[in-house]
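**Student:** So that we are looking at the same thing, I have put the structure below in C-alpha cells.
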Amino acid sequence: MRRGEVKHGSAWALVTGAGSGIGRSYALRLAALGYRLALVGNRPEPLETVKTELLAAGCAEVYLTLCDLARAEAAEELHAATTAAGIEPHVVINNAGMFSFCDILATPPERIERMILLHAMTNTKLCRLYAEDMVRGGIRGHLLNMASYSQWMPFPGLALYSASKAYLHQFSVCFAKEMREHGIRVTVVCPAGVATDLYGLPPRWQRIGLRLGALISADKCARRGLHALWCGRRTCVPDWWNRIGIPICKILPLWLLAPIRKYTMKFQK
C-alpha cells in the first residue's frame, strides 16, 4: 500500500478550506488514498463542486459543513457537527486561512480579530478537540496545520499575517512533541508562494509564477505536505531553495527593505 493509504471508505479525513486551492488538492489526494471526506468551508458552491469531483473520482462518501471558522466559537461548532454526524476523523487538515498585506495602522480592527481567531484560536482548538477524540478512541491519527514561509520574513505589511502563522508553526512543533507519546503525528507545512487565489493574483500571473518557479502548484504543495505527514516530520518547507532562503530572510537589513517597501506600498489593501 502507498503511504497513508487505507482500505477504501474505512476512515474519515477532515479538510478545512476545502473549496479551492490547496484544500481542494488535499481532499482529492486523500480520496485517492481511500478516505471518506468531511469538507469544511464558508461558501456552499465551491464545496459542492469539490464534492462532485470527489464522488466522480470514486470517493466513498463526502460530508459538507458550512462554517465560518474566523469566530471564537467556530471550533466547538464544527466539532459538534462532525460528532453528531458520527464522523471520527483519522486525519485532520487545518488548511483554512486568509491573507492580508497591509500596514497594521491601515488594517481594520475586525480583520485583525478575524485573522488571529482563524489562524491561532480556531486551529489550536481544533487540534485539541480532535486529538482528544483520537486518544480516547485509540486512533493513531494525523494532524496537519498550514502555516506560511512568511513567518521568517519580517516585511512591512505582513506583520499580522506572518505573526499569526508564526504562532501556528511554533504551536504545531510543540504540540507534535506532546502527541508523539500517544502515537499521533502532527505536521506543520510552511509553503512560500503557491498558485492559488489567496494572494489576489489573477490567473495569468499565477501561470507566469509557475513557469518562473516563483510559485508552486496547489497540488504539489498538498503532495509534499501529506508526504511529510505520513513520514512523521514536524515541519515541512516545500522545495529545497526555500529552505536555503530562510536564514537570508531573517537577516535582511532595513536599508534593503526600504526600496522594496516603497515599491510594494501600492499593492497594500
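Residues are named by chain letter and number: chains run A, B, ... in the order of the C-alpha cells, numbers start at 1 in each chain, and ligands are numbered from 1 in the order shown.
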Counting only C-alpha atoms, give me one row per residue of segment 135-180 of chain A with an atom at most 8 Å from an atom of segment 212-233 of chain A, showing the shortest contact pair and its distance in Å to one decimal, sorted by chain then residue number, as a tab-separated table.

**Tutor:**
residue	atom	partner	partner_atom	distance
A:His142	CA	A:Leu229	CA	7.0
A:Leu143	CA	A:Leu229	CA	7.8
A:Leu144	CA	A:Leu229	CA	6.9

**Student:** Residues of segment 44-68 of chain A that approach segment 27-37 of chain A to 6 Å or less, counting only C-alpha atoms: could you list each one with the shortest pair of atoms and its distance in Å to one decimal, rows by chain and increasing residue number, as a tab-separated table?

**Tutor:**
residue	atom	partner	partner_atom	distance
A:Cys59	CA	A:Ala31	CA	5.4
A:Ala60	CA	A:Arg36	CA	5.7
A:Glu61	CA	A:Arg36	CA	5.0
A:Val62	CA	A:Leu37	CA	4.8

**Student:** Can you write out the residues you just picked, keeping N, CA, C and O atoms, as an mmCIF file, in the first residue's frame?

**Tutor:**
data_model
loop_
_atom_site.group_PDB
_atom_site.id
_atom_site.type_symbol
_atom_site.label_atom_id
_atom_site.label_comp_id
_atom_site.auth_asym_id
_atom_site.auth_seq_id
_atom_site.Cartn_x
_atom_site.Cartn_y
_atom_site.Cartn_z
ATOM 1 N N CYS A 59 -14.656 8.522 -4.532
ATOM 2 C CA CYS A 59 -14.654 8.679 -3.076
ATOM 3 C C CYS A 59 -15.905 8.016 -2.488
ATOM 4 O O CYS A 59 -17.010 8.159 -3.020
ATOM 5 N N ALA A 60 -15.736 7.303 -1.388
ATOM 6 C CA ALA A 60 -16.836 6.527 -0.818
ATOM 7 C C ALA A 60 -17.953 7.410 -0.281
ATOM 8 O O ALA A 60 -19.146 7.089 -0.441
ATOM 9 N N GLU A 61 -17.601 8.526 0.355
ATOM 10 C CA GLU A 61 -18.613 9.394 0.953
ATOM 11 C C GLU A 61 -18.013 10.774 1.166
ATOM 12 O O GLU A 61 -16.837 10.903 1.505
ATOM 13 N N VAL A 62 -18.839 11.795 0.978
ATOM 14 C CA VAL A 62 -18.406 13.178 1.179
ATOM 15 C C VAL A 62 -19.445 13.893 2.035
ATOM 16 O O VAL A 62 -20.637 13.906 1.716
#

**Student:** Could you pull out the residues in segment 151-251 of chain A that DSSP calls strand (DSSP E) from the backbone, as a VMD selection string?

**Tutor:** chain A and resid 185 to 189 235 to 236

**Student:** Just list as a PyMOL selection string whatever in segment 18-255 of chain A DSSP marks as alpha helix (DSSP H).

**Tutor:** chain A and resi 21-32+44-56+74-84+109-116+123-137+159-179+203-212+218-231+240-250+254-255

**Student:** Determine the nearest neighbour of Ala159 of chain A from the options A:Thr16, A:Asn94, A:Thr83, A:Ser100, counting only C-alpha atoms.

**Tutor:**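 Going through A:Thr16, A:Asn94, A:Thr83, A:Ser100 one by one, the smallest distance to Ala159 of chain A is for A:Ser100.
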
**Student:** Rank nothing, just name the residue among A:Ala74, A:Ala195, A:Val91, A:Val237 nearest to Ala147 of chain A, using only C-alpha atoms.

**Tutor:** A:Val237

**Student:** For Leu66 of chain A, list every protein, DNA or RNA residue within 12 Å, evaluated using only C-alpha atoms, and leave out those in the same chain fewer than 6 positions away; present the list as a VMD selection string.

**Tutor:** chain A and resid 16 to 19 38 to 48 74 77 to 78 81 to 82

**Student:** Just the number, please: distance in Å from atom CA of Val50 of chain A to atom CA of Ser25 of chain A, one decimal.

**Tutor:**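 One can read the atom CA of Val50 of chain A to atom CA of Ser25 of chain A distance as 9.6 Å.
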
**Student:** Tell me which protein, DNA and RNA residues are within 8 Å of segment 174-184 of chain A, counting only C-alpha atoms, leaving out same-chain ones fewer than 5 positions away, and put them as number ranges by chain.

**Tutor:** A: 131, 134-135, 139-143, 234

**Student:** Give me, please, the distance in Å between atom CA of Thr187 of chain A and atom CA of Gln170 of chain A, quoted to one decimal.

**Tutor:**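 Between these atoms lies a distance of 11.0 Å.
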
**Student:** Which one is closest to Arg185 of chain A: A:Ile248, A:Phe155, A:Lys125, A:Gly4? Count only C-alpha atoms.

**Tutor:**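 Result for the nearest residue to Arg185 of chain A: A:Gly4.
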
**Student:** Which residues are near segment 113-123 of chain A? Cut-off 8 Å, only C-alpha atoms, ignore same chain within fewer than 2 positions. Put them as a short mmCIF file (atom, residue, chain, number, x, y, z; two decimals) with C-alpha atoms, in the first residue's frame.

**Tutor:**
data_model
loop_
_atom_site.label_atom_id
_atom_site.label_comp_id
_atom_site.auth_asym_id
_atom_site.auth_seq_id
_atom_site.Cartn_x
_atom_site.Cartn_y
_atom_site.Cartn_z
CA LEU A 69 -14.01 29.46 11.15
CA ALA A 70 -12.91 33.02 11.95
CA ARG A 71 -15.09 33.12 15.08
CA ALA A 72 -14.38 32.31 18.71
CA ALA A 74 -16.27 28.04 15.42
CA ALA A 75 -14.08 25.10 16.53
CA ASN A 94 -6.36 22.63 9.14
CA ALA A 96 -8.42 27.35 6.05
CA GLY A 97 -6.68 30.70 6.02
CA MET A 98 -6.92 34.33 5.00
CA PRO A 109 -9.69 46.01 13.71
CA GLU A 110 -12.24 43.47 12.52
CA ARG A 111 -9.70 41.95 10.07
CA LYS A 125 -8.93 24.37 19.47
CA LEU A 126 -9.50 22.02 16.53
CA CYS A 127 -6.18 20.29 17.24
CA ASN A 145 -1.60 22.65 10.03
CA LEU A 160 -0.45 40.46 11.01
CA TYR A 161 -0.31 37.55 8.59
CA SER A 164 -0.31 34.63 13.17
CA LYS A 165 1.36 31.98 11.01
CA TYR A 167 2.28 31.23 16.19
CA LEU A 168 0.74 28.32 14.31
#

**Student:** Please report the interatomic distance between atom CA of Cys236 of chain A and atom CA of Ile251 of chain A in Å with one decimal.

**Tutor:**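 According to the coordinates, atom CA of Cys236 of chain A and atom CA of Ile251 of chain A are separated by 21.4 Å.
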
**Student:** Pick out the closest residue to Ala106 of chain A from this set: A:Ala84, A:Gly137, A:Gly157, A:Cys67. Count only C-alpha atoms.

**Tutor:** A:Gly157
